[in-house]
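What follows is a set of notes on a single structure, which appears directly below.
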Amino acid sequence: MIRLDTQDGDFATRFDTLVDARREAASDVARDVATIVRAVRDEGDAALHAFTQKLDRHDLNETGWRVDAAACAAAFDGLEPELRAALELAATRIRAYHEKQRPEDVSYTDAAGVRLGARWRAVDAAGIYVPGGRAAYPSTLLMNAIPARVAGVERLVVVTPTPDGEVNPLVLAAAHLVGADEVWRVGGAQAVAALAYGTERIARVDVVTGPGNAWVAEAKRQVYGVVGIDMVAGPSEIVVVADGANDPEWIAADLLSQAEHDTTTQSILFADDAAFADRVAEAVERQLQALPTQAVARVAWEDNGAIVIVPSLEAAMPLVDRLAPEHVELACDDPQALFDLLRHAGSAFLGRHTPEAIGDYVAGPNHVLPTGRRARFASGLGVSDFMKRTSFLQLDETALNELGPATIALARAEGLPAHAQSVALRIRTNR
Ligand SMILES: NC(=O)c1ccc[n+]([C@@H]2O[C@H](COP(=O)([O-])OP(=O)(O)OC[C@H]3O[C@@H](n4cnc5c(N)ncnc54)[C@H](O)[C@@H]3O)[C@@H](O)[C@H]2O)c1
Ligand SMILES: N[C@H](CO)Cc1c[nH]c[nH+]1
Ligand SMILES: [Zn+2]
């Protein structure tokens, strides 16, 4: 963990280094992913089989490539009542939030008599990546599948790694709850490539969504264009902006909640009270010692964590904007005032009683969010990621006569006479 103070002479340089740190895109990750993607594209299932054996340590021909609907239904039926209720609560709230995102079709006639508009339709098939390397992510299955269904996607394909051949029953239960059409036991870059290019067993999809570790995030980036993607959602990040009136134990727990995802995650505290920041650092250490996920969380905190002392919480906000983090908690009495100053973040958590983990599971907004400063230009997963828009226009003779001459002039100026001709012929015919 590094500690910075805006008053220090070298602050600007050290903060630049923090902003520019490349946690998830080391060149060997990009190179290894390119090799995996090429192999799956060229060799299909044989490559999927080999990479699963090497990276997830099981033989798909023995453990099975696909989980059938009956196994998913059985997993759902076998859930403890409390867990089943929690999964259903999460699904209900996620659906309610995303129902409000359905985009509206537009159709109108302008003053020239031209009918104009745009119509939204779902993609035919979506591939959903559900991470499963270090932890299992049934919540992520819901966060992807529910907006896809709200959009109207017909074929919903889940891919998820099953390390050492172990299937997580809650992931299967979540697949049953959303009515996933296919569940394949493959993960990593190889699963993303299979969804993009198709293999003998897995028919290709139109859009691949979902988060994952550095290899998964890079694979999505590399197959973009062959398929659509939502955005690059890699190792998790949290920024907490907190004043000295917070309970240091609460803030420490929030920082560790994202540190435990992966050794490459990042947790950063901005505080306007140095003594409070010391207490948070001590609490992080104390909590780490008791955390079952300490091995991962400690590496993340020690390698990528930071505490930044600022003269006021308002002064922290331009610095947070530069990080454009996945999650920002604003833990103070007037979080809205800070939120008004914030421009770049995947999701914001306002107030002392809004820990980020609530958003990970049950609040409703999507937890699949851009990482690696990509909140500068990207947004969290939503219904429109599973849809595309077709614009339309309709002219009658009068409208064509009005717009035709300008079109002809521009087409001739661009040196494209056939364009001009296709308009000119119709205008002449009409006269
Ligand atoms: N940004 C978001 O919205 C969001 C949401 C949830 C989770 N996450 C992130 O998702 C990630 C989940 O990671 P995970 O590892 O638990 O599961 P994962 O499913 O993302 O990755 C596991 C796969 O990575 C591949 N892999 C591992 N080591 C490799 C190597 N050396 N070379 C090539 N491939 C390799 C394997 O194929 C394995 O199946 C975490 O980083 C977490 O922070 C992000
Ligand atoms: N915090 C993750 C997004 O970065 C989402 C998640 C799922 N389960 C727990 N957390
Ligand atoms: Zn989380």
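Naming works like this for the structure tokens: A, B, ... for the chains as they're shown, residue 1 at the start of each chain, ligands 1 onward in shown order.
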Report the residues of range 131-173 of chain A whose backbone DSSP state falls under helix (DSSP H, G or I), written as a PyMOL selection string.
chain A and resi 138-151+163-165+169-173
Could you give me, as a ChimeraX atom specification, the residues within 8 Å of Trp65 in chain A, counting only C-alpha atoms and dropping anything in the same chain fewer than 6 positions from it?
/A:184-186
Filtering to C-alpha atoms, could you give me those residues as a CSV table (one decimal), in the first residue's frame?
```csv
chain,number,residue,atom,x,y,z
A,184,TRP,CA,-20.9,-24.7,-20.8
A,185,ARG,CA,-18.1,-25.6,-18.3
A,186,VAL,CA,-15.4,-23.5,-20.0
```
Counting only C-alpha atoms and all ligand atoms, the option among A:Glu282, A:Asp254, A:Glu414, A:Glu249 closest to ligand 3
A:Asp254
Residue neighbourhood Tyr137 in chain A, 12 Å, only C-alpha atoms, exclusion window fewer than 4 positions, as an MDAnalysis selection string
chainID A and resid 87 128:133 141:144 158:162 167:175 210:212 261 360:361 367:368
Nearest to ligand 2 by atom-to-atom distance, counting only C-alpha atoms and all ligand atoms, from A:Gly78, A:Gly44, A:Pro325, A:Pro163:
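Distance minimum relative to ligand 2 lands on A:Pro325.
Of the listed residues A:Asp333, A:Asp32, A:Asp262, A:Asp385, the one whose atoms come nearest to Arg102 in chain A is A:Asp385, with distances taken using only C-alpha atoms.
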Would you list the contacts of Asp42 in chain A as a PyMOL selection string, taking every protein, DNA or RNA residue within 12 Å and counting only C-alpha atoms, but skipping same-chain residues closer than 5 positions in sequence?
chain A and resi 35-37+47-48+190+193-194+197-200
Would you list the contacts of Asp278 in chain A as an MDAnalysis selection string, taking every protein, DNA or RNA residue within 12 Å and counting only C-alpha atoms, but skipping same-chain residues closer than 6 positions in sequence?
chainID A and resid 3 244 248:249 251:252 269:272 284:285 307:309
Just N, CA and C atoms for this one: save the residues we selected as an mmCIF file, in the first residue's frame.
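Listing of part.cif after writing:
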```cif
data_model
loop_
_atom_site.group_PDB
_atom_site.id
_atom_site.type_symbol
_atom_site.label_atom_id
_atom_site.label_comp_id
_atom_site.auth_asym_id
_atom_site.auth_seq_id
_atom_site.Cartn_x
_atom_site.Cartn_y
_atom_site.Cartn_z
ATOM 1 N N ARG A 3 1.187 5.457 0.539
ATOM 2 C CA ARG A 3 0.502 6.542 1.224
ATOM 3 C C ARG A 3 0.962 7.856 0.601
ATOM 4 N N GLY A 244 -13.418 11.911 8.815
ATOM 5 C CA GLY A 244 -12.982 11.299 10.071
ATOM 6 C C GLY A 244 -14.105 10.858 10.980
ATOM 7 N N PRO A 248 -13.676 3.486 11.447
ATOM 8 C CA PRO A 248 -12.564 2.959 10.627
ATOM 9 C C PRO A 248 -12.746 1.486 10.256
ATOM 10 N N GLU A 249 -13.426 0.744 11.139
ATOM 11 C CA GLU A 249 -13.633 -0.693 10.842
ATOM 12 C C GLU A 249 -14.536 -0.858 9.620
ATOM 13 N N ILE A 251 -14.901 1.241 7.116
ATOM 14 C CA ILE A 251 -14.192 1.658 5.893
ATOM 15 C C ILE A 251 -13.139 0.612 5.511
ATOM 16 N N ALA A 252 -12.462 0.061 6.506
ATOM 17 C CA ALA A 252 -11.472 -0.992 6.228
ATOM 18 C C ALA A 252 -12.148 -2.187 5.566
ATOM 19 N N LEU A 269 -8.228 4.685 -0.483
ATOM 20 C CA LEU A 269 -8.944 5.557 0.446
ATOM 21 C C LEU A 269 -8.482 6.999 0.257
ATOM 22 N N PHE A 270 -9.429 7.918 0.099
ATOM 23 C CA PHE A 270 -9.158 9.358 0.178
ATOM 24 C C PHE A 270 -9.731 9.840 1.495
ATOM 25 N N ALA A 271 -8.904 10.453 2.342
ATOM 26 C CA ALA A 271 -9.389 10.912 3.648
ATOM 27 C C ALA A 271 -8.864 12.314 3.913
ATOM 28 N N ASP A 272 -9.697 13.100 4.634
ATOM 29 C CA ASP A 272 -9.266 14.475 4.963
ATOM 30 C C ASP A 272 -8.741 14.557 6.391
ATOM 31 N N VAL A 284 -7.454 -2.354 8.624
ATOM 32 C CA VAL A 284 -7.259 -3.244 7.464
ATOM 33 C C VAL A 284 -6.343 -4.393 7.875
ATOM 34 N N GLU A 285 -5.251 -4.073 8.553
ATOM 35 C CA GLU A 285 -4.298 -5.106 8.951
ATOM 36 C C GLU A 285 -4.962 -6.107 9.907
ATOM 37 N N ILE A 307 -3.538 5.021 0.218
ATOM 38 C CA ILE A 307 -4.250 5.989 1.063
ATOM 39 C C ILE A 307 -3.762 7.365 0.636
ATOM 40 N N VAL A 308 -4.713 8.243 0.341
ATOM 41 C CA VAL A 308 -4.367 9.590 -0.119
ATOM 42 C C VAL A 308 -4.976 10.595 0.859
ATOM 43 N N ILE A 309 -4.126 11.421 1.454
ATOM 44 C CA ILE A 309 -4.608 12.451 2.378
ATOM 45 C C ILE A 309 -4.845 13.739 1.583
#
```
Enumerate residues in contact with ligand 2: an atom-to-atom distance of at most 9 Å, counting only C-alpha atoms and all ligand atoms. Format the result as a ChimeraX atom specification.
/A:135-140,211,233-238,257-258,261,265,326-327,356-357,359-361,366-371
Among listed residues A:Pro318, A:Pro103, A:Pro417, A:Gly228, nearest Val150 in chain A (using only C-alpha atoms)
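Checking each of A:Pro318, A:Pro103, A:Pro417, A:Gly228 against Val150 in chain A, counting only C-alpha atoms, the winner is A:Pro103.
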Nearest candidate to Ala69 in chain A (options A:Val33, A:Ala180, A:Leu291, A:Ala214; using only C-alpha atoms):
A:Ala180
Tell me, which residues of range 206-265 of chain A carry DSSP strand (DSSP E or B), written as a list in words?
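Here is the list: Val207, Val208, Thr209, Tyr224, Val227, Gly228, Ile229, Glu237, Ile238, Val239, Val240, Val241 and Ala242 of chain A.
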Point out the residue among A:Leu79, A:Ala283, A:Ala345, A:Leu288 with the least atom-to-atom distance to ligand 1, counting only C-alpha atoms and all ligand atoms.
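Closest candidate: A:Ala345.
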Atomic distance CA of Leu330 in chain A - CA of His353 in chain A, expressed in Å with one decimal:
10.0 Å
Contacts of Ala122 in chain A at 6 Å (only C-alpha atoms; same-chain gap of 2+ positions) as a ChimeraX atom specification
/A:151-153,386-387
Go ahead and write the residues just picked, N, CA and C atoms, as a JSON list (two decimals), in the first residue's frame.
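Now in again.json:
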```
[["chain", "number", "residue", "atom", "x", "y", "z"],
["A", 151, "ALA", "N", -34.08, -7.30, -22.53],
["A", 151, "ALA", "CA", -33.87, -6.81, -23.90],
["A", 151, "ALA", "C", -34.61, -7.68, -24.92],
["A", 152, "GLY", "N", -34.86, -8.95, -24.56],
["A", 152, "GLY", "CA", -35.55, -9.85, -25.48],
["A", 152, "GLY", "C", -34.63, -10.82, -26.20],
["A", 153, "VAL", "N", -33.44, -11.05, -25.67],
["A", 153, "VAL", "CA", -32.51, -12.00, -26.28],
["A", 153, "VAL", "C", -33.10, -13.41, -26.23],
["A", 386, "PHE", "N", -27.48, -5.38, -25.04],
["A", 386, "PHE", "CA", -27.98, -6.58, -25.72],
["A", 386, "PHE", "C", -28.89, -6.20, -26.89],
["A", 387, "MET", "N", -28.85, -4.92, -27.27],
["A", 387, "MET", "CA", -29.74, -4.46, -28.34],
["A", 387, "MET", "C", -28.95, -3.61, -29.33]]
```
Residues within 8 Å of Leu89 in chain A, only C-alpha atoms, excluding chain neighbours under 4 positions, as a PyMOL selection string:
chain A and resi 85+93+362
Can you write out the residues you just picked, keeping C-alpha atoms, as a PDB file, in the first residue's frame?
```pdb
ATOM      1  CA  ALA A  85     -34.918 -16.313  -1.008  1.00  0.00           C
ATOM      2  CA  ARG A  93     -34.620  -6.154  -7.693  1.00  0.00           C
ATOM      3  CA  VAL A 362     -29.180  -7.079  -4.250  1.00  0.00           C
TER       4      VAL A 362
END
```
